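A.B. asks: Sending over data19.cif (mmCIF, C-alpha atoms and all ligand atoms).
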data_work
#
loop_
_atom_site.label_atom_id
_atom_site.label_comp_id
_atom_site.auth_asym_id
_atom_site.auth_seq_id
_atom_site.Cartn_x
_atom_site.Cartn_y
_atom_site.Cartn_z
CA MET Z 120 -5.99 -19.64 -21.01
CA LYS Z 121 -4.91 -22.70 -19.04
CA LYS Z 122 -5.69 -23.88 -15.52
CA LEU Z 123 -2.60 -23.55 -13.37
CA ASN Z 124 -1.27 -26.52 -11.42
CA ILE Z 125 -1.16 -24.90 -7.98
CA THR Z 126 0.42 -27.93 -6.27
CA LYS Z 127 3.32 -27.64 -8.71
CA ILE Z 128 3.50 -23.87 -8.21
CA ARG Z 129 3.58 -24.26 -4.42
CA ALA Z 130 6.54 -26.61 -4.79
CA ASP Z 131 8.46 -23.65 -6.30
CA PHE Z 132 8.15 -21.65 -3.04
CA PRO Z 133 10.28 -23.16 -0.26
CA LEU Z 134 8.94 -20.88 2.48
CA LEU Z 135 5.36 -22.06 2.11
CA HIS Z 136 6.20 -25.55 3.38
CA GLN Z 137 6.43 -24.92 7.10
CA GLN Z 138 4.40 -25.23 10.26
CA VAL Z 139 3.49 -22.22 12.38
CA HIS Z 140 2.24 -22.99 15.90
CA ASN Z 141 1.93 -26.63 14.79
CA HIS Z 142 -0.33 -25.77 11.87
CA PRO Z 143 0.59 -25.63 8.18
CA LEU Z 144 1.34 -22.01 7.27
CA VAL Z 145 -1.50 -20.30 5.41
CA TYR Z 146 0.08 -17.18 3.96
CA LEU Z 147 -2.56 -14.60 3.01
CA ASP Z 148 -0.58 -11.36 3.23
CA ASN Z 149 0.51 -11.02 -0.37
CA SER Z 150 -0.41 -7.35 -0.69
CA ASN Z 151 2.20 -6.71 1.97
CA THR Z 152 4.88 -8.85 0.39
CA THR Z 153 4.88 -12.05 -1.66
CA GLN Z 154 7.01 -15.13 -1.10
CA LYS Z 155 9.84 -15.91 -3.54
CA PRO Z 156 10.14 -18.85 -5.90
CA GLN Z 157 13.32 -20.91 -5.92
CA SER Z 158 14.24 -19.47 -9.34
CA VAL Z 159 14.43 -15.94 -7.89
CA ILE Z 160 16.45 -17.08 -4.87
CA GLN Z 161 18.73 -19.06 -7.19
CA ALA Z 162 19.27 -16.15 -9.61
CA MET Z 163 20.41 -13.95 -6.73
CA ASN Z 164 22.62 -16.69 -5.24
CA ASP Z 165 24.16 -17.37 -8.64
CA TYR Z 166 24.90 -13.70 -9.04
CA TYR Z 167 26.72 -13.54 -5.70
CA GLU Z 168 28.47 -16.87 -6.21
CA HIS Z 169 29.64 -16.28 -9.80
CA ASP Z 170 29.10 -12.79 -11.21
CA ASN Z 171 29.30 -10.14 -8.49
CA ALA Z 172 31.19 -6.97 -9.45
CA ASN Z 173 30.25 -3.33 -9.62
CA ILE Z 174 28.52 -2.46 -12.89
CA HIS Z 175 28.99 0.17 -15.61
CA ARG Z 176 32.47 1.19 -14.45
CA SER Z 177 35.07 -1.49 -15.06
CA VAL Z 178 36.56 -3.15 -18.11
CA TYR Z 179 37.26 -6.60 -16.67
CA ASN Z 180 35.21 -9.65 -17.59
CA LEU Z 181 33.41 -10.07 -14.26
CA SER Z 182 32.15 -6.50 -14.29
CA GLU Z 183 31.02 -6.79 -17.89
CA ARG Z 184 29.11 -9.95 -17.03
CA ALA Z 185 27.44 -8.27 -14.04
CA THR Z 186 26.55 -5.26 -16.18
CA GLN Z 187 25.06 -7.54 -18.83
CA LEU Z 188 22.89 -9.39 -16.30
CA PHE Z 189 21.69 -6.08 -14.81
CA GLU Z 190 20.86 -4.58 -18.20
CA ASN Z 191 19.16 -7.82 -19.31
CA ALA Z 192 16.79 -7.33 -16.39
CA ARG Z 193 15.99 -3.84 -17.69
CA ASP Z 194 15.04 -5.38 -21.05
CA LYS Z 195 12.83 -7.93 -19.30
CA ILE Z 196 10.96 -5.15 -17.48
CA LYS Z 197 10.65 -3.15 -20.69
CA HIS Z 198 8.93 -6.10 -22.39
CA PHE Z 199 6.89 -7.02 -19.32
CA ILE Z 200 5.13 -3.63 -19.17
CA ASN Z 201 5.61 -2.92 -22.90
CA ALA Z 202 7.55 0.33 -22.52
CA LYS Z 203 8.61 1.94 -25.78
CA HIS Z 204 12.24 2.40 -24.77
CA ARG Z 205 14.54 0.55 -22.35
CA HIS Z 206 15.80 3.93 -21.07
CA GLU Z 207 12.29 4.63 -19.74
CA ILE Z 208 12.92 1.99 -17.05
CA VAL Z 209 14.61 3.40 -13.94
CA PHE Z 210 15.60 1.12 -11.06
CA VAL Z 211 14.84 2.37 -7.55
CA LYS Z 212 14.43 0.86 -4.06
CA GLY Z 213 10.70 0.33 -4.38
CA THR Z 214 7.39 2.06 -4.97
CA THR Z 215 7.92 4.51 -2.11
CA GLU Z 216 11.24 5.72 -3.46
CA GLY Z 217 9.81 5.74 -6.98
CA ILE Z 218 6.93 8.06 -6.10
CA ASN Z 219 9.25 10.25 -4.03
CA LEU Z 220 11.56 10.47 -7.03
CA VAL Z 221 8.84 11.62 -9.42
CA ALA Z 222 7.23 13.97 -6.88
CA ASP Z 223 10.52 15.59 -5.95
CA CYS Z 224 11.73 15.98 -9.53
CA LEU Z 225 8.40 17.41 -10.71
CA SER Z 226 8.42 19.84 -7.80
CA ARG Z 227 11.61 21.29 -9.30
CA CYS Z 228 10.43 21.65 -12.88
CA HIS Z 229 6.68 21.41 -13.20
CA ILE Z 230 4.80 22.35 -10.00
CA ASN Z 231 4.57 25.86 -8.57
CA ALA Z 232 2.71 27.83 -5.89
CA GLY Z 233 -1.05 27.70 -6.40
CA ASP Z 234 -0.91 24.58 -8.61
CA GLU Z 235 -2.97 21.52 -7.74
CA ILE Z 236 -2.14 17.84 -7.37
CA VAL Z 237 -4.97 15.31 -7.57
CA ILE Z 238 -4.81 12.02 -5.66
CA SER Z 239 -7.59 9.79 -4.32
CA ALA Z 240 -8.95 8.89 -0.90
CA MET Z 241 -7.86 5.27 -1.41
CA GLU Z 242 -4.11 5.97 -1.76
CA HIS Z 243 -1.64 4.39 0.62
CA HIS Z 244 0.76 6.68 2.43
CA SER Z 245 3.44 6.34 -0.26
CA ASN Z 246 1.17 8.11 -2.71
CA ILE Z 247 0.05 10.77 -0.22
CA VAL Z 248 3.03 11.93 1.82
CA PRO Z 249 5.45 12.63 -1.08
CA TRP Z 250 2.81 14.94 -2.59
CA GLN Z 251 2.33 16.65 0.77
CA PHE Z 252 6.09 17.30 0.76
CA VAL Z 253 5.69 18.87 -2.70
CA CYS Z 254 2.82 21.05 -1.46
CA GLU Z 255 4.88 22.23 1.53
CA LYS Z 256 7.86 22.98 -0.68
CA THR Z 257 6.08 24.70 -3.58
CA GLY Z 258 2.83 26.08 -2.16
CA ALA Z 259 0.74 23.74 -4.34
CA HIS Z 260 -2.51 22.22 -3.03
CA LEU Z 261 -3.62 18.62 -2.68
CA LYS Z 262 -7.08 17.68 -4.03
CA VAL Z 263 -8.63 14.33 -3.18
CA ILE Z 264 -11.10 12.26 -5.24
CA PRO Z 265 -13.69 10.78 -2.88
CA VAL Z 266 -14.43 7.05 -2.61
CA SER Z 267 -17.98 5.69 -2.63
CA GLU Z 268 -19.43 3.35 0.02
CA ASN Z 269 -18.61 0.26 -2.05
CA GLY Z 270 -15.05 1.46 -2.65
CA GLU Z 271 -15.09 3.06 -6.09
CA LEU Z 272 -13.74 6.42 -7.21
CA ASP Z 273 -16.31 9.05 -8.08
CA LEU Z 274 -15.40 9.85 -11.70
CA GLN Z 275 -17.72 12.85 -11.91
CA LYS Z 276 -16.06 14.40 -8.85
CA PHE Z 277 -12.69 13.52 -10.37
CA THR Z 278 -13.57 15.34 -13.60
CA ASP Z 279 -14.84 18.33 -11.61
CA LEU Z 280 -11.56 18.54 -9.66
CA LEU Z 281 -9.46 19.02 -12.79
CA ASN Z 282 -8.75 22.55 -13.99
CA GLU Z 283 -5.99 24.63 -15.53
CA LYS Z 284 -4.07 24.57 -12.22
CA THR Z 285 -3.93 20.74 -12.01
CA ARG Z 286 -0.34 19.63 -12.64
CA ILE Z 287 -0.57 15.89 -12.05
CA VAL Z 288 -3.01 13.10 -11.20
CA ALA Z 289 -1.43 10.39 -9.02
CA ILE Z 290 -3.62 7.38 -8.48
CA THR Z 291 -3.34 3.76 -7.49
CA HIS Z 292 -4.03 1.15 -10.15
CA ALA Z 293 -5.55 -1.16 -7.51
CA SER Z 294 -6.28 -0.47 -3.85
CA ASN Z 295 -4.26 -2.37 -1.24
CA VAL Z 296 -7.19 -2.16 1.20
CA LEU Z 297 -10.36 -2.35 -0.87
CA GLY Z 298 -9.01 -4.39 -3.76
CA THR Z 299 -10.74 -2.00 -6.18
CA ILE Z 300 -9.28 -1.97 -9.67
CA ASN Z 301 -9.60 1.65 -10.71
CA PRO Z 302 -10.84 2.63 -14.18
CA ILE Z 303 -7.40 3.89 -15.09
CA GLU Z 304 -8.02 3.99 -18.85
CA LYS Z 305 -10.91 6.40 -18.28
CA ILE Z 306 -8.93 8.42 -15.70
CA ILE Z 307 -6.02 8.81 -18.12
CA GLU Z 308 -8.34 9.76 -20.97
CA ILE Z 309 -10.07 12.45 -18.88
CA ALA Z 310 -6.76 13.86 -17.55
CA HIS Z 311 -5.06 13.81 -20.95
CA GLU Z 312 -7.95 15.72 -22.53
CA LYS Z 313 -6.75 18.55 -20.28
CA ASN Z 314 -3.05 17.82 -20.88
CA ILE Z 315 -2.54 16.64 -17.30
CA PRO Z 316 0.00 13.82 -16.78
CA VAL Z 317 -1.01 10.69 -14.85
CA LEU Z 318 1.13 8.68 -12.45
CA LEU Z 319 -0.08 5.18 -11.62
CA ASP Z 320 0.98 3.45 -8.43
CA GLY Z 321 1.21 -0.11 -9.66
CA ALA Z 322 2.44 -1.72 -6.43
CA GLN Z 323 -0.69 -3.81 -5.95
CA ALA Z 324 -1.46 -4.41 -9.60
CA VAL Z 325 1.64 -5.40 -11.51
CA ALA Z 326 1.71 -9.03 -10.26
CA HIS Z 327 -2.05 -9.46 -10.60
CA LEU Z 328 -3.11 -7.68 -13.79
CA PRO Z 329 -1.62 -7.26 -17.26
CA VAL Z 330 0.07 -3.87 -17.65
CA ASP Z 331 0.80 -2.26 -21.00
CA VAL Z 332 2.10 1.27 -20.42
CA GLN Z 333 1.96 2.21 -24.11
CA LYS Z 334 -1.65 1.10 -24.46
CA LEU Z 335 -2.56 2.84 -21.20
CA ASP Z 336 -0.59 5.90 -22.27
CA CYS Z 337 0.19 6.64 -18.59
CA ASP Z 338 3.03 9.08 -17.93
CA PHE Z 339 4.51 7.17 -14.99
CA TYR Z 340 3.98 3.62 -13.71
CA ILE Z 341 5.69 2.63 -10.47
CA PHE Z 342 6.03 -0.71 -8.69
CA SER Z 343 8.05 -2.85 -6.26
CA ALA Z 344 9.75 -6.18 -6.90
CA HIS Z 345 8.87 -7.70 -3.54
CA LYS Z 346 5.14 -7.66 -4.20
CA MET Z 347 5.65 -9.58 -7.46
CA TYR Z 348 7.63 -12.60 -6.20
CA GLY Z 349 10.92 -10.70 -6.40
CA PRO Z 350 13.28 -9.41 -3.71
CA THR Z 351 12.90 -6.47 -1.34
CA GLY Z 352 14.85 -3.26 -1.93
CA THR Z 353 14.16 -3.11 -5.67
CA GLY Z 354 11.52 -1.30 -7.68
CA VAL Z 355 10.85 0.39 -10.97
CA VAL Z 356 9.88 3.82 -12.20
CA TYR Z 357 8.57 3.73 -15.74
CA GLY Z 358 8.45 7.27 -17.06
CA LYS Z 359 7.67 8.50 -20.56
CA GLU Z 360 10.88 9.63 -22.22
CA LYS Z 361 9.68 13.23 -22.50
CA TRP Z 362 9.11 13.45 -18.72
CA LEU Z 363 12.36 11.77 -17.78
CA HIS Z 364 14.19 14.18 -20.08
CA ALA Z 365 12.37 17.18 -18.60
CA MET Z 366 12.97 16.20 -14.99
CA PRO Z 367 16.18 17.11 -13.15
CA PRO Z 368 18.06 14.24 -11.43
CA TYR Z 369 16.77 13.02 -8.07
CA GLN Z 370 19.99 12.20 -6.23
CA GLY Z 371 23.53 13.26 -7.01
CA GLY Z 372 26.51 10.93 -6.92
CA GLY Z 373 28.44 8.42 -8.98
CA SER Z 374 26.94 6.89 -12.14
CA MET Z 375 24.46 9.71 -12.78
CA ILE Z 376 27.05 12.13 -14.16
CA GLN Z 377 28.63 12.81 -17.50
CA GLN Z 378 31.26 15.25 -16.33
CA VAL Z 379 31.97 16.77 -12.94
CA THR Z 380 33.91 19.97 -12.44
CA PHE Z 381 33.68 22.23 -9.40
CA PRO Z 382 31.82 24.99 -11.24
CA LYS Z 383 29.38 22.65 -13.01
CA THR Z 384 28.26 19.04 -13.45
CA THR Z 385 26.56 17.56 -16.49
CA TYR Z 386 24.37 14.51 -16.20
CA ALA Z 387 24.38 11.05 -17.74
CA ASP Z 388 21.84 9.98 -20.35
CA LEU Z 389 18.60 8.24 -19.42
CA PRO Z 390 18.05 6.14 -17.42
CA TYR Z 391 21.38 6.56 -15.58
CA LYS Z 392 20.64 10.19 -14.72
CA PHE Z 393 18.24 8.76 -12.12
CA GLU Z 394 20.40 5.87 -10.88
CA ALA Z 395 22.95 7.52 -8.59
CA GLY Z 396 25.39 5.35 -6.66
CA THR Z 397 25.91 1.60 -6.81
CA SER Z 398 22.70 -0.11 -7.85
CA ASN Z 399 21.10 -3.10 -6.15
CA MET Z 400 22.47 -5.51 -8.72
CA ALA Z 401 21.35 -8.76 -7.09
CA GLY Z 402 17.91 -7.26 -6.46
CA VAL Z 403 17.44 -6.16 -10.05
CA ILE Z 404 18.61 -9.57 -11.32
CA GLY Z 405 16.17 -11.21 -8.87
CA LEU Z 406 13.41 -8.97 -10.24
CA GLY Z 407 14.29 -10.13 -13.76
CA ALA Z 408 13.92 -13.74 -12.58
CA ALA Z 409 10.54 -12.86 -11.01
CA VAL Z 410 9.37 -11.47 -14.35
CA ASP Z 411 10.48 -14.71 -16.04
CA TYR Z 412 8.53 -16.67 -13.44
CA ILE Z 413 5.33 -14.66 -13.93
CA GLN Z 414 5.61 -14.87 -17.70
CA HIS Z 415 6.21 -18.61 -17.53
CA LEU Z 416 2.92 -19.01 -15.61
CA GLY Z 417 1.14 -16.57 -17.91
CA MET Z 418 -0.52 -13.40 -16.62
CA GLU Z 419 -3.98 -14.33 -17.88
CA ASN Z 420 -3.76 -17.69 -16.07
CA ILE Z 421 -2.72 -15.90 -12.87
CA VAL Z 422 -5.63 -13.44 -13.19
CA SER Z 423 -8.09 -16.27 -13.71
CA HIS Z 424 -6.85 -18.25 -10.68
CA GLU Z 425 -6.84 -15.21 -8.39
CA GLN Z 426 -10.32 -14.13 -9.55
CA ASP Z 427 -11.60 -17.63 -8.71
CA LEU Z 428 -10.03 -17.35 -5.25
CA LEU Z 429 -11.55 -13.89 -4.75
CA ALA Z 430 -15.04 -15.09 -5.70
CA TYR Z 431 -14.76 -18.20 -3.51
CA ALA Z 432 -13.38 -16.30 -0.50
CA THR Z 433 -16.02 -13.57 -0.82
CA ARG Z 434 -18.82 -16.18 -0.85
CA GLN Z 435 -17.39 -18.09 2.11
CA LEU Z 436 -16.58 -15.05 4.25
CA GLN Z 437 -20.04 -13.58 3.68
CA LYS Z 438 -21.51 -16.63 5.41
CA ILE Z 439 -19.83 -15.68 8.70
CA PRO Z 440 -22.30 -13.84 10.95
CA GLY Z 441 -21.16 -10.35 11.96
CA LEU Z 442 -18.48 -10.13 9.23
CA ARG Z 443 -18.53 -6.97 7.13
CA ILE Z 444 -16.47 -6.72 3.97
CA ILE Z 445 -15.06 -3.25 3.28
CA GLY Z 446 -14.63 -2.78 -0.46
CA THR Z 447 -17.25 -4.37 -2.66
CA ALA Z 448 -16.48 -2.82 -6.04
CA PRO Z 449 -17.36 -5.02 -9.02
CA GLU Z 450 -13.75 -5.01 -10.30
CA LYS Z 451 -11.29 -6.19 -7.66
CA ILE Z 452 -7.92 -7.87 -7.33
CA GLY Z 453 -7.64 -10.72 -4.80
CA VAL Z 454 -7.83 -8.54 -1.70
CA ILE Z 455 -10.56 -8.73 0.94
CA SER Z 456 -10.67 -6.36 3.91
CA PHE Z 457 -13.20 -7.05 6.61
CA ILE Z 458 -14.11 -6.51 10.22
CA LEU Z 459 -15.70 -8.91 12.70
CA GLU Z 460 -18.38 -7.36 14.86
CA GLY Z 461 -17.29 -6.93 18.48
CA ILE Z 462 -13.66 -8.10 18.06
CA HIS Z 463 -10.74 -5.76 17.43
CA PRO Z 464 -8.87 -6.61 14.18
CA HIS Z 465 -5.59 -6.91 16.08
CA ASP Z 466 -7.10 -9.57 18.35
CA VAL Z 467 -8.41 -11.40 15.29
CA GLY Z 468 -4.98 -11.28 13.63
CA THR Z 469 -3.19 -12.55 16.73
CA ALA Z 470 -5.72 -15.35 17.20
CA LEU Z 471 -5.54 -16.35 13.51
CA ASP Z 472 -1.77 -16.64 13.83
CA THR Z 473 -2.21 -19.38 16.45
CA TYR Z 474 -3.88 -21.44 13.67
CA GLY Z 475 -1.01 -20.70 11.27
CA VAL Z 476 -2.98 -18.11 9.29
CA ALA Z 477 -1.01 -14.97 8.35
CA VAL Z 478 -3.18 -11.97 7.45
CA ARG Z 479 -2.46 -8.28 7.85
CA VAL Z 480 -4.43 -6.31 10.43
CA GLY Z 481 -4.20 -2.55 10.95
CA HIS Z 482 -4.58 0.55 8.84
CA HIS Z 483 -2.60 -0.92 5.91
CA CYS Z 484 -0.66 2.35 5.50
CA ALA Z 485 -3.92 3.99 4.40
CA MET Z 486 -5.13 5.94 7.45
CA PRO Z 487 -7.35 8.39 5.52
CA LEU Z 488 -9.19 5.44 3.97
CA MET Z 489 -9.82 3.95 7.43
CA GLU Z 490 -11.25 7.31 8.45
CA ARG Z 491 -13.45 7.33 5.33
CA PHE Z 492 -14.99 4.00 6.37
CA GLY Z 493 -15.14 4.91 10.07
CA VAL Z 494 -12.94 2.04 11.26
CA PRO Z 495 -9.59 2.14 13.08
CA ALA Z 496 -8.32 -0.96 11.29
CA THR Z 497 -9.39 -3.95 9.21
CA ILE Z 498 -8.39 -7.58 8.81
CA ARG Z 499 -7.11 -8.19 5.29
CA ALA Z 500 -6.62 -11.41 3.35
CA SER Z 501 -4.72 -10.91 0.10
CA PHE Z 502 -4.05 -13.69 -2.38
CA GLY Z 503 -1.13 -14.71 -4.52
CA VAL Z 504 -0.85 -17.25 -7.28
CA TYR Z 505 0.08 -20.06 -4.84
CA ASN Z 506 -3.04 -19.74 -2.64
CA THR Z 507 -5.78 -22.37 -2.70
CA GLU Z 508 -9.46 -22.74 -1.84
CA GLU Z 509 -8.40 -25.12 0.96
CA GLU Z 510 -6.43 -22.27 2.53
CA ILE Z 511 -9.50 -20.06 2.35
CA ASP Z 512 -11.44 -22.82 4.12
CA VAL Z 513 -8.80 -22.77 6.87
CA LEU Z 514 -9.19 -18.99 7.15
CA VAL Z 515 -12.97 -19.29 7.46
CA GLU Z 516 -12.83 -22.17 9.99
CA SER Z 517 -10.25 -20.25 12.02
CA LEU Z 518 -12.38 -17.09 12.01
CA LEU Z 519 -15.34 -19.10 13.35
CA LYS Z 520 -13.09 -20.46 16.11
CA VAL Z 521 -11.91 -16.93 16.92
CA GLN Z 522 -15.51 -15.75 17.13
CA ALA Z 523 -16.36 -18.59 19.52
CA LEU Z 524 -13.30 -17.75 21.61
CA PHE Z 525 -14.26 -14.09 22.02
CA LYS Z 526 -17.96 -14.73 22.70
N1 LIG G 601 2.71 -2.90 2.28
C1 LIG G 601 1.46 -2.26 2.44
C2 LIG G 601 0.31 -3.23 2.39
O1 LIG G 601 0.36 -4.18 3.13
C3 LIG G 601 1.25 -1.06 1.66
O2 LIG G 601 -0.63 -3.05 1.66
#
Now that the file is in, can you turn its structure into structure tokens?
C.D. replies:
Amino acid sequence: MKKLNITKIRADFPLLHQQVHNHPLVYLDNSNTTQKPQSVIQAMNDYYEHDNANIHRSVYNLSERATQLFENARDKIKHFINAKHRHEIVFVKGTTEGINLVADCLSRCHINAGDEIVISAMEHHSNIVPWQFVCEKTGAHLKVIPVSENGELDLQKFTDLLNEKTRIVAITHASNVLGTINPIEKIIEIAHEKNIPVLLDGAQAVAHLPVDVQKLDCDFYIFSAHKMYGPTGTGVVYGKEKWLHAMPPYQGGGSMIQQVTFPKTTYADLPYKFEAGTSNMAGVIGLGAAVDYIQHLGMENIVSHEQDLLAYATRQLQKIPGLRIIGTAPEKIGVISFILEGIHPHDVGTALDTYGVAVRVGHHCAMPLMERFGVPATIRASFGVYNTEEEIDVLVESLLKVQALFK
């Protein structure tokens, strides 16, 4: 492991070097979206300036080059998460579309009336609503693993929820609100003992923790590029070959077909069966560059830096009178949700912005979790590899000023 040079890393991110309301920007909303290094911006610009053509469907040089760049990105993702096969990597718009894809396809081949789907109380809406759609469509039922006061899943209750009717467990790898890193190895082991597949929502984890889908043995792993220093509008569904083969296509259109006749259409091989229409070529190439960037820094170095930030920020925030942290599990990614006694989170967020500090306030697309903790909203600071202890000091000083202001 090596200590990262954060000054050098910050120089890679053009957006970070700006003033907001006459203060240096302190960007602490990385769970929402991360900023992009120059190498990602450059890869996408290069693509549009030199290589843009539609892929997989033309014989001319430009199109072959574009196809090659796109498929190279698939190989990069395969290695990044250690998938067994490159055709287990499906490109989608993002985590939301990815979970909708799996939910919808399974609803047509694997889930029936009376079946059960297990999720947890700490899911964000993208891993709740698609399963509610499935329940409405099929007559299946949603079962929810409760979350303890410190923000951990109750594994005994989880085990008790599983039975012969359970058709899938869909769980977040790490919580976007609480920061909790879930014991996914244990969850997969328990579910697999009963032959139940497991989908992991990796949106908050993939840029902050090492992911090895073969070692985990998860059935699906889904994530977005824009939360891992890549562009918006691009994401990945990893699915075990056997599931992707078993599932019908999600959307119909060009690229996903083998042969179309009016009586019957046959579908393309994996992964193209799930990639209807023109893909987001620049986005996928940008994602490939983001993977290169993360690998160049080294995942274990990133984890170590972000864990240091988490520990420092937790210590400093706890010193503020009237501040309550929501989510105190022992294993967390660099996410801290909190409330300040007597001040609405939205007022805190607006006031922090006047000092150049960008945090997310609100329900964080996880309304049931807010209800669980009896709060309408929280303030959330979430860290990326470019954040520093000095920025956390600015957050703390600004919070003290906000408290004084609202007294
Ligand atoms: N983008 C959402 C967040 O901020 C889910 O956590």
A.B. asks: Nearest residue to His244 of chain Z out of Z:Val467, Z:Val296, Z:Ala172, Z:Val504, using all atoms listed in the file?
C.D. replies: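 Ranking Z:Val467, Z:Val296, Z:Ala172, Z:Val504 by distance to His244 of chain Z, first place goes to Z:Val296.
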A.B. asks: Give the residue list for ligand LIG 601 (chain G) at 10 Å, counting all atoms listed in the file, as a PDB file with C-alpha atoms, in the frame of the given file, sorted by chain and then by residue number.
C.D. replies:
ATOM      1  CA  ASP Z 148      -0.580 -11.360   3.230  1.00  0.00           C
ATOM      2  CA  ASN Z 149       0.510 -11.020  -0.370  1.00  0.00           C
ATOM      3  CA  SER Z 150      -0.410  -7.350  -0.690  1.00  0.00           C
ATOM      4  CA  ASN Z 151       2.200  -6.710   1.970  1.00  0.00           C
ATOM      5  CA  THR Z 152       4.880  -8.850   0.390  1.00  0.00           C
ATOM      6  CA  THR Z 214       7.390   2.060  -4.970  1.00  0.00           C
ATOM      7  CA  THR Z 215       7.920   4.510  -2.110  1.00  0.00           C
ATOM      8  CA  GLU Z 242      -4.110   5.970  -1.760  1.00  0.00           C
ATOM      9  CA  HIS Z 243      -1.640   4.390   0.620  1.00  0.00           C
ATOM     10  CA  HIS Z 244       0.760   6.680   2.430  1.00  0.00           C
ATOM     11  CA  SER Z 245       3.440   6.340  -0.260  1.00  0.00           C
ATOM     12  CA  SER Z 294      -6.280  -0.470  -3.850  1.00  0.00           C
ATOM     13  CA  ASN Z 295      -4.260  -2.370  -1.240  1.00  0.00           C
ATOM     14  CA  VAL Z 296      -7.190  -2.160   1.200  1.00  0.00           C
ATOM     15  CA  ALA Z 322       2.440  -1.720  -6.430  1.00  0.00           C
ATOM     16  CA  GLN Z 323      -0.690  -3.810  -5.950  1.00  0.00           C
ATOM     17  CA  HIS Z 345       8.870  -7.700  -3.540  1.00  0.00           C
ATOM     18  CA  LYS Z 346       5.140  -7.660  -4.200  1.00  0.00           C
ATOM     19  CA  VAL Z 454      -7.830  -8.540  -1.700  1.00  0.00           C
ATOM     20  CA  VAL Z 478      -3.180 -11.970   7.450  1.00  0.00           C
ATOM     21  CA  ARG Z 479      -2.460  -8.280   7.850  1.00  0.00           C
ATOM     22  CA  VAL Z 480      -4.430  -6.310  10.430  1.00  0.00           C
ATOM     23  CA  GLY Z 481      -4.200  -2.550  10.950  1.00  0.00           C
ATOM     24  CA  HIS Z 482      -4.580   0.550   8.840  1.00  0.00           C
ATOM     25  CA  HIS Z 483      -2.600  -0.920   5.910  1.00  0.00           C
ATOM     26  CA  CYS Z 484      -0.660   2.350   5.500  1.00  0.00           C
ATOM     27  CA  ALA Z 485      -3.920   3.990   4.400  1.00  0.00           C
ATOM     28  CA  ARG Z 499      -7.110  -8.190   5.290  1.00  0.00           C
ATOM     29  CA  SER Z 501      -4.720 -10.910   0.100  1.00  0.00           C
TER      30      SER Z 501
END
A.B. asks: Quick one: residues within 9 Å of segment 203-207 of chain Z, all atoms listed in the file, excluding same-chain residues fewer than 4 positions away - as number ranges by chain?
C.D. replies: Z: 193-194, 196-198, 332-333, 356-360, 363, 388-391
A.B. asks: When you look at segment 261-269 of chain Z with a cut-off of 10 Å (counting all atoms listed in the file), what residues show up, excluding the ones that are within fewer than 2 positions of it in the same chain? I need them as a PyMOL selection string.
C.D. replies: chain Z and resi 234-242+247+250-251+253-254+258-259+271-281+285+288+290+297+299+444-449+488+491-492
A.B. asks: May I ask for the distance between atom CA of Asn506 of chain Z and atom CA of Ala192 of chain Z, given in Å to one decimal place?
C.D. replies: 27.1 Å
A.B. asks: Quick one: distance from atom CA of Ser423 of chain Z to atom CA of Leu123 of chain Z in Å, one decimal?
C.D. replies: 9.1 Å
A.B. asks: Between Z:Glu450, Z:Leu429, Z:Gly417, Z:Ala365, single out the one closest to Ile303 of chain Z, counting only C-alpha atoms.
C.D. replies: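 Comparing Z:Glu450, Z:Leu429, Z:Gly417, Z:Ala365 against Ile303 of chain Z, the winner is Z:Glu450.
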